[in-house]
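Printed here is upload_19.txt (compact mmCIF, C-alpha atoms):
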# COMPACT_ATOMS: atom_id res chain seq x y z
CA MET A 1 -16.63 -13.66 -11.86
CA PRO A 2 -19.21 -11.62 -13.77
CA ASP A 3 -18.08 -8.44 -15.47
CA LYS A 4 -18.27 -5.06 -13.73
CA ASP A 5 -21.41 -4.01 -15.63
CA ASN A 6 -23.42 -6.90 -14.23
CA ASN A 7 -24.17 -5.28 -10.85
CA TYR A 8 -23.41 -8.66 -9.33
CA PHE A 9 -22.71 -7.34 -5.83
CA ASP A 10 -25.82 -5.15 -5.81
CA LYS A 11 -27.93 -8.23 -6.60
CA ILE A 12 -26.33 -10.14 -3.74
CA ALA A 13 -26.81 -7.20 -1.38
CA ARG A 14 -30.53 -6.96 -2.23
CA ALA A 15 -30.96 -10.70 -1.72
CA PHE A 16 -29.36 -10.60 1.72
CA LYS A 17 -30.81 -7.26 2.86
CA PRO A 18 -33.52 -8.82 5.08
CA LEU A 19 -30.94 -11.03 6.80
CA VAL A 20 -28.55 -8.12 7.36
CA GLU A 21 -31.34 -5.97 8.81
CA LYS A 22 -32.37 -8.78 11.19
CA THR A 23 -28.75 -9.41 12.17
CA SER A 24 -28.17 -5.72 12.79
CA ALA A 25 -31.30 -5.50 14.94
CA LEU A 26 -30.11 -8.47 17.01
CA LYS A 27 -26.60 -7.06 17.39
CA ASP A 28 -26.75 -6.62 21.15
CA LYS A 29 -28.66 -9.86 21.73
CA ILE A 30 -26.20 -12.31 20.18
CA ASP A 31 -24.21 -13.65 23.11
CA GLY A 32 -20.58 -14.49 22.41
CA PHE A 33 -20.36 -12.68 19.07
CA SER A 34 -19.58 -9.17 17.91
CA ILE A 35 -20.94 -7.59 14.75
CA THR A 36 -19.06 -4.71 13.13
CA LYS A 37 -19.99 -2.76 10.01
CA SER A 38 -17.23 -3.60 7.55
CA CYS A 39 -18.01 -1.90 4.28
CA VAL A 40 -17.06 1.73 3.74
CA ASN A 41 -17.73 4.23 0.96
CA THR A 42 -20.61 2.22 -0.46
CA ASN A 43 -24.37 1.93 -0.19
CA VAL A 44 -24.10 -1.81 0.48
CA LYS A 45 -24.44 -2.80 4.12
CA SER A 46 -21.77 -5.30 5.07
CA TYR A 47 -20.86 -6.70 8.47
CA ASP A 48 -18.14 -8.85 10.02
CA ILE A 49 -19.40 -11.35 12.58
CA ASN A 50 -16.70 -12.52 14.99
CA ILE A 51 -16.40 -14.34 18.26
CA LYS A 52 -16.18 -11.67 20.96
CA ASP A 53 -12.64 -10.67 21.90
CA VAL A 54 -11.22 -12.28 18.75
CA ASP A 55 -10.16 -10.06 15.87
CA LYS A 56 -8.21 -10.50 12.66
CA GLY A 57 -4.95 -9.50 14.37
CA LYS A 58 -5.31 -12.19 17.04
CA ALA A 59 -6.19 -14.74 14.37
CA ILE A 60 -3.04 -13.90 12.40
CA LYS A 61 -0.88 -14.22 15.53
CA LEU A 62 -2.36 -17.65 16.24
CA LEU A 63 -1.74 -18.73 12.65
CA LEU A 64 1.85 -17.47 12.70
CA ASP A 65 2.50 -19.33 15.96
CA TYR A 66 1.03 -22.50 14.50
CA LEU A 67 3.12 -22.18 11.31
CA HIS A 68 6.25 -21.07 13.19
CA GLU A 69 6.48 -18.03 10.92
CA ASP A 70 7.93 -14.63 11.70
CA ILE A 71 5.77 -11.51 11.72
CA LYS A 72 8.36 -9.79 9.49
CA ASN A 73 7.06 -11.88 6.56
CA THR A 74 3.49 -10.60 6.80
CA TYR A 75 1.40 -8.20 4.75
CA ALA A 76 -2.22 -7.30 5.41
CA ILE A 77 -4.65 -5.62 3.06
CA GLY A 78 -7.90 -4.18 4.32
CA ASP A 79 -10.20 -1.22 3.91
CA ALA A 80 -12.42 -0.95 6.97
CA LYS A 81 -12.39 -0.65 10.74
CA PRO A 82 -12.51 -4.44 11.37
CA ASP A 83 -9.25 -4.72 9.38
CA ILE A 84 -7.27 -2.30 11.57
CA ALA A 85 -6.20 -4.96 14.08
CA MET A 86 -4.92 -7.05 11.17
CA LEU A 87 -2.91 -4.16 9.70
CA GLU A 88 -1.51 -3.30 13.14
CA CYS A 89 -0.47 -6.93 13.68
CA CYS A 90 1.32 -7.46 10.37
CA ASN A 91 4.69 -6.06 9.40
CA THR A 92 3.20 -4.13 6.49
CA GLY A 93 -0.34 -2.76 6.39
CA ILE A 94 -1.95 -1.85 3.08
CA THR A 95 -5.27 -0.20 2.36
CA PHE A 96 -7.10 1.09 -0.70
CA THR A 97 -7.81 4.67 -1.76
CA SER A 98 -11.45 3.82 -1.09
CA GLY A 99 -10.66 2.77 2.50
CA GLY A 100 -11.98 4.58 5.53
CA GLU A 101 -10.04 7.55 6.86
CA GLU A 102 -9.12 5.75 10.09
CA ILE A 103 -7.43 2.85 8.29
CA LYS A 104 -5.76 5.12 5.72
CA ALA A 105 -4.19 7.12 8.56
CA MET A 106 -2.49 4.05 10.02
CA ALA A 107 -1.63 2.06 6.86
CA ASP A 108 1.96 1.78 5.67
CA TYR A 109 0.89 1.98 2.04
CA ILE A 110 -2.25 3.07 0.18
CA THR A 111 -2.91 1.36 -3.13
CA ASP A 112 -5.51 1.96 -5.83
CA ASP A 113 -9.07 0.63 -5.46
CA VAL A 114 -9.79 -3.06 -6.00
CA ALA A 115 -11.62 -2.27 -9.25
CA ASN A 116 -8.48 -0.51 -10.51
CA ASP A 117 -6.15 -3.46 -9.82
CA GLY A 118 -5.28 -2.33 -6.30
CA PHE A 119 -4.17 -5.79 -5.15
CA TYR A 120 -1.95 -6.23 -8.19
CA LYS A 121 -0.41 -2.77 -7.79
CA ALA A 122 0.32 -3.36 -4.09
CA PHE A 123 1.89 -6.77 -4.79
CA LYS A 124 4.07 -5.21 -7.51
CA HIS A 125 5.03 -2.29 -5.24
CA PHE A 126 6.34 -4.69 -2.60
CA ASN A 127 7.97 -7.01 -5.19
CA LEU A 128 5.72 -9.91 -4.22
CA ILE A 129 5.03 -10.66 -7.87
Taking this structure as input, can you express it in the form of structure tokens?
Amino acid sequence: MPDKDNNYFDKIARAFKPLVEKTSALKDKIDGFSITKSCVNTNVKSYDINIKDVDKGKAIKLLLDYLHEDIKNTYAIGDAKPDIAMLECCNTGITFTSGGEEIKAMADYITDDVANDGFYKAFKHFNLI
């Protein structure tokens, strides 16, 4: 991955801006799919595209059923509204200090931002590494 000073994500965002604008304009016309803004606290427009009535929480439940795993062994990390169902589904929900207010209010634990080793700090906090 390029270093932080490379503005890598800004370059990607500019390249995909026309597609995102078209997708956003078609939001109500795409049958069978839902589009939700997923990026918070940033100037980059980011969206999650999902099959209607399927969210990250439902997907995790299906995966756990398939793997015959218990929900007590689950952790979810997210920072935006589309991640709330995932955090609600899992035993432990984690968000970042940069996360939206709605997800921070319901998370079990708030870790540092991704750029400040937030994943690592959360994993250490819960003795996963």
Go through A:His68, A:Ser98, A:Ala80, A:Lys56 one by one, measure the shortest atom-to-atom distance of each to Ala115 (chain A) using only C-alpha atoms, and give the residue with the smallest value.
A:Ser98
Hey, can you check how far CA of Phe96 (chain A) sits from CA of Asp112 (chain A)?
5.4 Å
Give me, please, the distance in Å between CA of Thr111 (chain A) and CA of Leu87 (chain A), quoted to one decimal.
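Between these atoms lies a distance of 14.0 Å.
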Suppose you want the space between CA of Ala122 (chain A) and CA of Gly93 (chain A); what is it in Å?
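One can read the CA of Ala122 (chain A) to CA of Gly93 (chain A) distance as 10.5 Å.
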Spatial neighbours of Ile60 (chain A), 12 Å, only C-alpha atoms, chain gap at least 2 places, as a short mmCIF file (atom, residue, chain, number, x, y, z; two decimals) with C-alpha atoms, keeping the file's coordinate frame:
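So selection.cif came out as:
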data_model
loop_
_atom_site.label_atom_id
_atom_site.label_comp_id
_atom_site.auth_asym_id
_atom_site.auth_seq_id
_atom_site.Cartn_x
_atom_site.Cartn_y
_atom_site.Cartn_z
CA VAL A 54 -11.22 -12.28 18.75
CA ASP A 55 -10.16 -10.06 15.87
CA LYS A 56 -8.21 -10.50 12.66
CA GLY A 57 -4.95 -9.50 14.37
CA LYS A 58 -5.31 -12.19 17.04
CA LEU A 62 -2.36 -17.65 16.24
CA LEU A 63 -1.74 -18.73 12.65
CA LEU A 64 1.85 -17.47 12.70
CA ASP A 65 2.50 -19.33 15.96
CA TYR A 66 1.03 -22.50 14.50
CA LEU A 67 3.12 -22.18 11.31
CA HIS A 68 6.25 -21.07 13.19
CA GLU A 69 6.48 -18.03 10.92
CA ASP A 70 7.93 -14.63 11.70
CA ILE A 71 5.77 -11.51 11.72
CA ASN A 73 7.06 -11.88 6.56
CA THR A 74 3.49 -10.60 6.80
CA TYR A 75 1.40 -8.20 4.75
CA ALA A 76 -2.22 -7.30 5.41
CA ASP A 83 -9.25 -4.72 9.38
CA ALA A 85 -6.20 -4.96 14.08
CA MET A 86 -4.92 -7.05 11.17
CA LEU A 87 -2.91 -4.16 9.70
CA GLU A 88 -1.51 -3.30 13.14
CA CYS A 89 -0.47 -6.93 13.68
CA CYS A 90 1.32 -7.46 10.37
CA ASN A 91 4.69 -6.06 9.40
#
Would you mind listing what lies within 10 Å of Thr97 (chain A) as an mmCIF file with C-alpha atoms, in the coordinates of the input, with all atoms listed in the file counted and same-chain residues fewer than 4 positions away left out?
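The resulting file, part29.cif, is reproduced below:
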data_model
loop_
_atom_site.group_PDB
_atom_site.id
_atom_site.type_symbol
_atom_site.label_atom_id
_atom_site.label_comp_id
_atom_site.auth_asym_id
_atom_site.auth_seq_id
_atom_site.Cartn_x
_atom_site.Cartn_y
_atom_site.Cartn_z
ATOM 1 C CA ASP A 79 -10.200 -1.220 3.910
ATOM 2 C CA GLU A 101 -10.040 7.550 6.860
ATOM 3 C CA LYS A 104 -5.760 5.120 5.720
ATOM 4 C CA TYR A 109 0.890 1.980 2.040
ATOM 5 C CA ILE A 110 -2.250 3.070 0.180
ATOM 6 C CA THR A 111 -2.910 1.360 -3.130
ATOM 7 C CA ASP A 112 -5.510 1.960 -5.830
ATOM 8 C CA ASP A 113 -9.070 0.630 -5.460
ATOM 9 C CA VAL A 114 -9.790 -3.060 -6.000
ATOM 10 C CA GLY A 118 -5.280 -2.330 -6.300
#
